[in-house]
Amino acid sequence: MQFSAEPRPLRPPLRRPRRLVRTIAAAAALATAALGLAACSSGGSSGSSKTITVWHYFSASEKAQVGLMDTYAKLFEKSNPGVTVDNVYVPYDQIQSKVTAAANAHQGPDIVVFNGAEAGTYALANTLLPIDSYLDSFADASQLSPSTIHKVEGKTYAVQGYVNLLGLWYNKDVLAKAGIANPPTTMDELTADLAKVKAAGADGITLCGLPQGQGEWQAYPWLTDAGFSYQDPSADALAKAFTTIQDWVGKGYLSKEAVTWDQTVPFQKWEAGNVAFAENGNWQIGSAKSDAKFNYGVVPMPLGPDGKVYLGGEGEGIGKYSKNPALAWKYLEQTYLSTEGQLDALKAVGSIPSRTDAAADPSIAADPLLKPFADSIAKFGASYPDPAVKPASIADLQLAVGQAWSGVIGQQSSPKDAATQLASKLAGYVS
Amino acid sequence: MTTMTDTRSTRAASPDAAPLRRRRRRRFDRRWLGVLPAAVVLGALAFYPLAQLVRMSVSAVTSATLSLDWAFVGAGNWIKGWQEGDLPHAIVNTLVFVVIVTVLGLVGGLVAAIALRRAGRMGALLLGLMVFIWALPPVVNGSVWKFLLADAGLINSVLHSVGLPSVPFLFDEHLALVSVALVNSWAIIPFNALVFRAAILGIPEEIFEAAQIDGARPAQELRYVLLPAVRPTSLVLAVLTVVYAFRSFDFIYVMTYGGPGKATNTLPFLGYLQAFVRNDYGLGASTAVLAAAFVLVLAVVYARSVRREELES
């Protein structure tokens, strides 16, 4: 603005360079503005109403998951001529912020496939459309397991086409060497088995001790087995669970290094062959089949009557600014929520169907690796996240528990101190 | 327009002085116009986000209120950060981290530069390798080091083979921070070595020859010729290395994720956890502003040292 107030040049020869400078400046300003606009528009839109845009976080390396997305696209396009399904990959650590940014600009995908545990965060950020009316009119709604329907403040925002959960993988060869006939069914048996395995010269167990949400997800079965619940966060129950885990570390059953492991690394360690047990999920079935060169099996987590296992997996919701939410719901009905779609997921990824009828498919009961997970759902299955946690505090809680869990495994804090500090924090996160 | 009339009248009043003044003005104008695109880009990409960050740090902002009006909370976020107990710990960790990275980064850089002073073919190869290391993305670098420092990694395997016990590099609560800081120093040494090398190559060879004729031993050459000559460079480099260490986030993210527990939480990583994991953007922004304030002070020191060096040269 300053420049226009400056004196105009009087001599013509000087005018040209100045005009040139101005032109360049204008071009630069235009380019900057264009860049800004481009950045805004990259937030994405649902395009034409005959296109269903699906945002997901499965990278190309997750071939089974990406393949499933393609299968769903074909399935829906076949039964709805003229409709195109556009699967868009957004990296896991960016998807939430991108969906939020797009919603702020009143744009975004028709369908978001995200970590189901974060349904509250997505809903509170006004990125998802309540789907109660669609769900009410869905003929097969009663087939869906209640723990796979995500409600926030009384409204439904997401459903799950399948569940993922943890089980106890075991190496039959190592167990035989240690003189153990059957895998454990209780915590006491597991601890006794770990001692025998250690005495036989093998490693005990691998699990994830990362100080974040994955740690919390893996800690939950052990915490609940010790009598802990988020409804009434007791420091004593936490201390009991933490003591068990720290004892395992102290006695060499569990490596302290678990604090640096996500959920993939500990399974690879187990697959290397000298570890008796691994706390890991059904999504590792494919990996075990290709990489574990020994006799192995999987059983439900060895938990007591209070013990629980989260039913995780991806949540599917309709974007708040979807241009055609009815068509988007139809996509969910015909893919994620249909028996056919759920059996596709079972075949492609080993995911356990969320529909009762699909979960009763004979292929699951006949599969020695799938059956223990299906049994676990009935026996220990719990909503993820725990309904007692305030939706706005889910992320806080997951981080706090993950850090405490990691601190205990890393022997950074004593079980009692970690439990006391965590319990006082949790009181503010649960309702 | 009025200015134009004024100029004309001034010109009429003093015909000798005015054209000169006007020419100066014109040159001044053009320079500003040239700066404009850079200023626009800098304003859009640096100052605006920084202003937003400061605004965010004094507001209550979560993912639910991100697109709404931000409620002003004053120092509320800093108080919350302090009361939660993570902030003091992160400040101490950051300072330890910065000291290790700065000392090792500078000493290592200087030693490498001196060693490579008379670079032969091997030296050139080594230099190329160092540039490669420096150019590697931290995520790749960090992942490789995480692998090397693991319990069954290469370094512990070597220790085992010579009968030493394995070292819990990344999962001991005290050692983890030191290990990540060491890797961070390792990653900055090539850059420092290149800058030091440029400074050393700038010393006229005659000075070394004169020193040798005077009977200076290599240690004396180092102390009385080399070190004084690279002193201004060291100052600039020291500030740059401190800033680099201060904002280091990537190695921690990849190698320890702040763990075990919270043992390797530094200010940038704590800010990340608060803003992007807990979705408390206000709290995260307050931590980020604190870190930015430290860096800003250092940036001022840096700018001054650069100016002084320019004046001296």
# chains A, B, ... in the order shown; residues from 1 in each chain; ligands from 1

call {"tool": "interface_residues", "arguments": {"of": "chain B", "to": "chain A", "cutoff": "8 Å", "atoms": "only C-alpha atoms", "output": "PDB file with C-alpha atoms, in the first residue's frame"}}
result
ATOM      1  CA  MET B   1      -0.987  12.466  -5.900  1.00  0.00           C
ATOM      2  CA  THR B   3       3.071  13.932  -2.842  1.00  0.00           C
ATOM      3  CA  MET B   4       3.689  14.216  -6.534  1.00  0.00           C
ATOM      4  CA  THR B   7       7.820  16.909  -5.306  1.00  0.00           C
ATOM      5  CA  ASP B  29      11.440   1.983  -3.952  1.00  0.00           C
ATOM      6  CA  ARG B  30      12.591  -0.623  -6.361  1.00  0.00           C
ATOM      7  CA  LEU B  33       9.396  -4.064  -4.557  1.00  0.00           C
ATOM      8  CA  GLY B  34      12.022  -6.708  -5.091  1.00  0.00           C
ATOM      9  CA  LEU B  36       7.920  -7.916  -1.725  1.00  0.00           C
ATOM     10  CA  PRO B  37       7.490 -11.518  -2.963  1.00  0.00           C
ATOM     11  CA  VAL B  40       4.727 -12.029   1.272  1.00  0.00           C
ATOM     12  CA  VAL B  41       5.901 -15.637   1.363  1.00  0.00           C
ATOM     13  CA  SER B  63     -10.169 -30.281  18.085  1.00  0.00           C
ATOM     14  CA  ALA B  64     -13.763 -29.479  19.038  1.00  0.00           C
ATOM     15  CA  THR B  65     -13.131 -25.713  19.186  1.00  0.00           C
ATOM     16  CA  LEU B  66     -10.485 -25.455  16.471  1.00  0.00           C
ATOM     17  CA  SER B  67     -12.888 -23.959  13.964  1.00  0.00           C
ATOM     18  CA  ALA B 150      18.732 -52.585  20.026  1.00  0.00           C
ATOM     19  CA  ASP B 151      19.332 -55.303  22.587  1.00  0.00           C
ATOM     20  CA  PRO B 168      20.309 -50.877  27.416  1.00  0.00           C
ATOM     21  CA  LEU B 170      17.334 -46.999  24.339  1.00  0.00           C
ATOM     22  CA  PHE B 171      15.360 -48.409  27.224  1.00  0.00           C
ATOM     23  CA  ASP B 172      17.243 -47.347  30.325  1.00  0.00           C
ATOM     24  CA  GLU B 173      15.612 -44.241  31.741  1.00  0.00           C
ATOM     25  CA  MET B 255      13.811 -43.953  18.509  1.00  0.00           C
ATOM     26  CA  THR B 256      12.023 -43.757  21.881  1.00  0.00           C
ATOM     27  CA  TYR B 257       8.697 -41.940  21.468  1.00  0.00           C
ATOM     28  CA  GLY B 258       9.601 -40.078  24.661  1.00  0.00           C
ATOM     29  CA  GLY B 259      10.003 -43.310  26.628  1.00  0.00           C
ATOM     30  CA  PRO B 260      10.592 -45.300  28.662  1.00  0.00           C
ATOM     31  CA  GLY B 261       7.645 -43.652  30.363  1.00  0.00           C
ATOM     32  CA  LYS B 262       8.428 -39.960  29.937  1.00  0.00           C
ATOM     33  CA  ALA B 263      12.215 -40.270  30.232  1.00  0.00           C
ATOM     34  CA  VAL B 277      -1.829 -36.838  20.464  1.00  0.00           C
ATOM     35  CA  ARG B 278      -3.992 -35.307  23.175  1.00  0.00           C
ATOM     36  CA  ASN B 279      -5.538 -32.788  20.741  1.00  0.00           C
TER      37      ASN B 279
END

call {"tool": "residues_around", "arguments": {"residues": "range 316-319 of chain A", "least_positions_apart": "2", "cutoff": "9 Å", "atoms": "only C-alpha atoms", "output": "PyMOL selection string"}}
result
chain A and resi 99+103+107-116+119+127-131+157-161+314+321-323+325+328-329+332+336

call {"tool": "closest_residue", "arguments": {"among": "A:Val265, A:Val174, A:Ile95, A:Leu370", "to": "Phe276 in chain B", "atoms": "only C-alpha atoms"}}
result
A:Ile95

call {"tool": "closest_residue", "arguments": {"among": "A:Ala358, A:Val152, A:Ala195, A:Ile377", "to": "Gly250 in chain A", "atoms": "only C-alpha atoms"}}
result
A:Ala195

call {"tool": "select_by_dssp", "arguments": {"residues": "range 84-241 of chain B", "states": "helix (DSSP H, G or I)", "output": "PyMOL selection string"}}
result
chain B and resi 84+86-115+121-135+138-148+154-161+175-201+205-213+218-241

call {"tool": "write_last_selection", "arguments": {"atoms": "C-alpha atoms", "output": "compact mmCIF listing (two decimals), in the first residue's frame"}}
result
# COMPACT_ATOMS: atom_id res chain seq x y z
CA GLU B 84 0.64 -31.58 35.11
CA ASP B 86 5.62 -32.73 32.52
CA LEU B 87 7.01 -29.29 31.72
CA PRO B 88 9.86 -28.96 34.28
CA HIS B 89 11.05 -32.46 33.45
CA ALA B 90 10.97 -31.69 29.70
CA ILE B 91 12.93 -28.45 30.21
CA VAL B 92 15.68 -30.30 32.11
CA ASN B 93 15.77 -33.03 29.45
CA THR B 94 15.98 -30.43 26.69
CA LEU B 95 18.91 -28.66 28.36
CA VAL B 96 20.81 -31.93 28.87
CA PHE B 97 20.11 -32.83 25.26
CA VAL B 98 21.25 -29.44 23.97
CA VAL B 99 24.49 -29.52 25.97
CA ILE B 100 25.43 -32.99 24.70
CA VAL B 101 24.57 -32.26 21.08
CA THR B 102 26.30 -28.86 21.06
CA VAL B 103 29.53 -30.00 22.71
CA LEU B 104 29.85 -33.20 20.70
CA GLY B 105 28.63 -31.61 17.49
CA LEU B 106 31.19 -28.79 17.67
CA VAL B 107 34.15 -30.81 18.93
CA GLY B 108 33.39 -33.65 16.54
CA GLY B 109 32.95 -31.25 13.64
CA LEU B 110 36.23 -29.48 14.37
CA VAL B 111 38.17 -32.72 14.81
CA ALA B 112 36.75 -34.09 11.56
CA ALA B 113 37.56 -30.85 9.73
CA ILE B 114 41.16 -30.85 11.01
CA ALA B 115 41.56 -34.51 10.09
CA ARG B 121 41.37 -39.36 -2.24
CA MET B 122 40.25 -41.11 0.96
CA GLY B 123 39.48 -37.77 2.53
CA ALA B 124 37.31 -36.76 -0.40
CA LEU B 125 35.49 -40.06 -0.16
CA LEU B 126 34.97 -39.56 3.55
CA LEU B 127 33.68 -36.04 2.94
CA GLY B 128 31.21 -37.33 0.39
CA LEU B 129 30.05 -39.95 2.87
CA MET B 130 29.59 -37.32 5.54
CA VAL B 131 27.48 -35.17 3.26
CA PHE B 132 25.40 -38.25 2.53
CA ILE B 133 24.88 -38.85 6.26
CA TRP B 134 23.94 -35.25 6.79
CA ALA B 135 21.45 -35.35 3.92
CA PRO B 138 16.27 -38.11 10.32
CA VAL B 139 13.53 -40.73 10.19
CA VAL B 140 15.80 -43.05 8.19
CA ASN B 141 18.82 -42.18 10.31
CA GLY B 142 16.89 -42.72 13.53
CA SER B 143 15.42 -46.03 12.40
CA VAL B 144 18.88 -47.35 11.45
CA TRP B 145 20.29 -46.32 14.81
CA LYS B 146 17.34 -47.80 16.67
CA PHE B 147 18.17 -51.05 14.94
CA LEU B 148 21.90 -50.77 15.71
CA LEU B 154 25.02 -54.73 16.01
CA ILE B 155 26.62 -52.69 18.79
CA ASN B 156 25.46 -54.98 21.57
CA SER B 157 26.47 -58.01 19.52
CA VAL B 158 29.98 -56.58 19.23
CA LEU B 159 30.05 -55.92 22.98
CA HIS B 160 28.93 -59.51 23.58
CA SER B 161 31.60 -60.91 21.31
CA LEU B 175 20.80 -43.79 29.08
CA ALA B 176 17.97 -43.39 26.54
CA LEU B 177 18.24 -39.58 26.46
CA VAL B 178 22.03 -39.74 26.17
CA SER B 179 21.79 -42.31 23.36
CA VAL B 180 19.37 -40.22 21.31
CA ALA B 181 21.51 -37.12 21.93
CA LEU B 182 24.59 -39.02 20.73
CA VAL B 183 22.84 -40.03 17.52
CA ASN B 184 21.66 -36.45 17.07
CA SER B 185 25.25 -35.20 17.50
CA TRP B 186 26.44 -37.78 15.02
CA ALA B 187 23.96 -36.46 12.48
CA ILE B 188 25.09 -32.82 12.82
CA ILE B 189 28.86 -33.48 12.84
CA PRO B 190 29.12 -33.64 9.01
CA PHE B 191 27.54 -30.21 8.60
CA ASN B 192 29.77 -28.68 11.28
CA ALA B 193 32.81 -30.37 9.77
CA LEU B 194 32.04 -28.92 6.34
CA VAL B 195 31.68 -25.39 7.71
CA PHE B 196 34.82 -25.71 9.86
CA ARG B 197 36.69 -27.11 6.88
CA ALA B 198 35.71 -24.10 4.78
CA ALA B 199 37.02 -21.82 7.53
CA ILE B 200 40.28 -23.79 7.82
CA LEU B 201 40.81 -23.81 4.06
CA GLU B 205 48.98 -21.68 3.71
CA GLU B 206 51.83 -19.20 4.30
CA ILE B 207 50.79 -18.80 7.90
CA PHE B 208 51.23 -22.52 8.55
CA GLU B 209 54.54 -22.44 6.72
CA ALA B 210 55.70 -19.47 8.78
CA ALA B 211 54.66 -21.27 11.95
CA GLN B 212 56.60 -24.36 10.90
CA ILE B 213 59.69 -22.28 10.12
CA PRO B 218 51.45 -29.49 15.40
CA ALA B 219 49.82 -28.91 18.78
CA GLN B 220 51.06 -25.32 18.82
CA GLU B 221 49.96 -24.86 15.21
CA LEU B 222 46.53 -25.96 16.32
CA ARG B 223 46.43 -23.73 19.33
CA TYR B 224 47.98 -20.55 17.95
CA VAL B 225 47.01 -20.62 14.28
CA LEU B 226 44.04 -22.85 13.65
CA LEU B 227 41.82 -22.27 16.65
CA PRO B 228 42.02 -18.44 16.59
CA ALA B 229 41.27 -18.51 12.86
CA VAL B 230 38.10 -20.56 13.24
CA ARG B 231 36.88 -18.71 16.32
CA PRO B 232 34.27 -16.53 14.56
CA THR B 233 32.99 -19.57 12.67
CA SER B 234 32.74 -21.51 15.92
CA LEU B 235 30.51 -18.88 17.43
CA VAL B 236 28.10 -18.91 14.51
CA LEU B 237 28.18 -22.67 14.37
CA ALA B 238 27.64 -22.97 18.12
CA VAL B 239 24.46 -20.95 17.88
CA LEU B 240 23.24 -22.95 14.88
CA THR B 241 23.97 -26.24 16.64

call {"tool": "atom_distance", "arguments": {"atom1": "CA of Leu42 in chain B", "atom2": "CA of Phe246 in chain B"}}
result
22.0 Å

call {"tool": "residues_around", "arguments": {"residues": "Gln342 in chain A", "least_positions_apart": "5", "cutoff": "9 Å", "atoms": "only C-alpha atoms", "output": "ChimeraX atom specification"}}
result
/A:161-162,335-337,347,351-355,358-359

call {"tool": "residues_around", "arguments": {"residues": "range 281-284 of chain A", "least_positions_apart": "5", "cutoff": "7 Å", "atoms": "only C-alpha atoms", "output": "MDAnalysis selection string"}}
result
chainID A and resid 164:167 349:351 373

call {"tool": "residues_around", "arguments": {"residues": "range 301-307 of chain A", "least_positions_apart": "4", "cutoff": "9 Å", "atoms": "only C-alpha atoms", "output": "JSON list (two decimals) with C-alpha atoms, in the first residue's frame"}}
result
[["chain", "number", "residue", "atom", "x", "y", "z"],
["A", 166, "LEU", "CA", -5.52, -59.54, 21.18],
["A", 167, "GLY", "CA", -4.80, -63.17, 22.00],
["A", 168, "LEU", "CA", -1.91, -65.14, 23.41],
["A", 169, "TRP", "CA", 0.25, -66.62, 20.67],
["A", 183, "PRO", "CA", -0.94, -73.22, 26.97],
["A", 184, "PRO", "CA", -1.99, -71.27, 30.09],
["A", 185, "THR", "CA", -5.56, -70.26, 30.88],
["A", 186, "THR", "CA", -4.91, -68.10, 33.94],
["A", 187, "MET", "CA", -2.34, -65.49, 34.94],
["A", 188, "ASP", "CA", -0.88, -67.78, 37.61],
["A", 189, "GLU", "CA", -0.38, -70.52, 35.05],
["A", 190, "LEU", "CA", 1.20, -68.05, 32.65],
["A", 220, "TYR", "CA", -5.79, -53.26, 29.21],
["A", 221, "PRO", "CA", -6.16, -57.08, 29.51],
["A", 222, "TRP", "CA", -3.54, -57.25, 32.29],
["A", 223, "LEU", "CA", -5.01, -54.25, 34.12],
["A", 224, "THR", "CA", -8.57, -55.55, 34.04],
["A", 225, "ASP", "CA", -7.48, -59.03, 35.10],
["A", 226, "ALA", "CA", -6.06, -57.44, 38.27],
["A", 227, "GLY", "CA", -9.53, -56.06, 39.01],
["A", 228, "PHE", "CA", -9.02, -52.59, 37.52],
["A", 229, "SER", "CA", -11.85, -50.78, 35.77],
["A", 279, "GLU", "CA", 0.49, -60.88, 23.25],
["A", 376, "SER", "CA", -12.42, -64.26, 23.07],
["A", 380, "PHE", "CA", -13.71, -61.08, 27.20]]

call {"tool": "residues_around", "arguments": {"residues": "range 71-82 of chain A", "least_positions_apart": "6", "cutoff": "9 Å", "atoms": "only C-alpha atoms", "output": "list in words"}}
result
Lys50, Thr51, Lys330, Tyr331, Gln334, Thr335, Tyr336, Gly341 and Asp344 of chain A
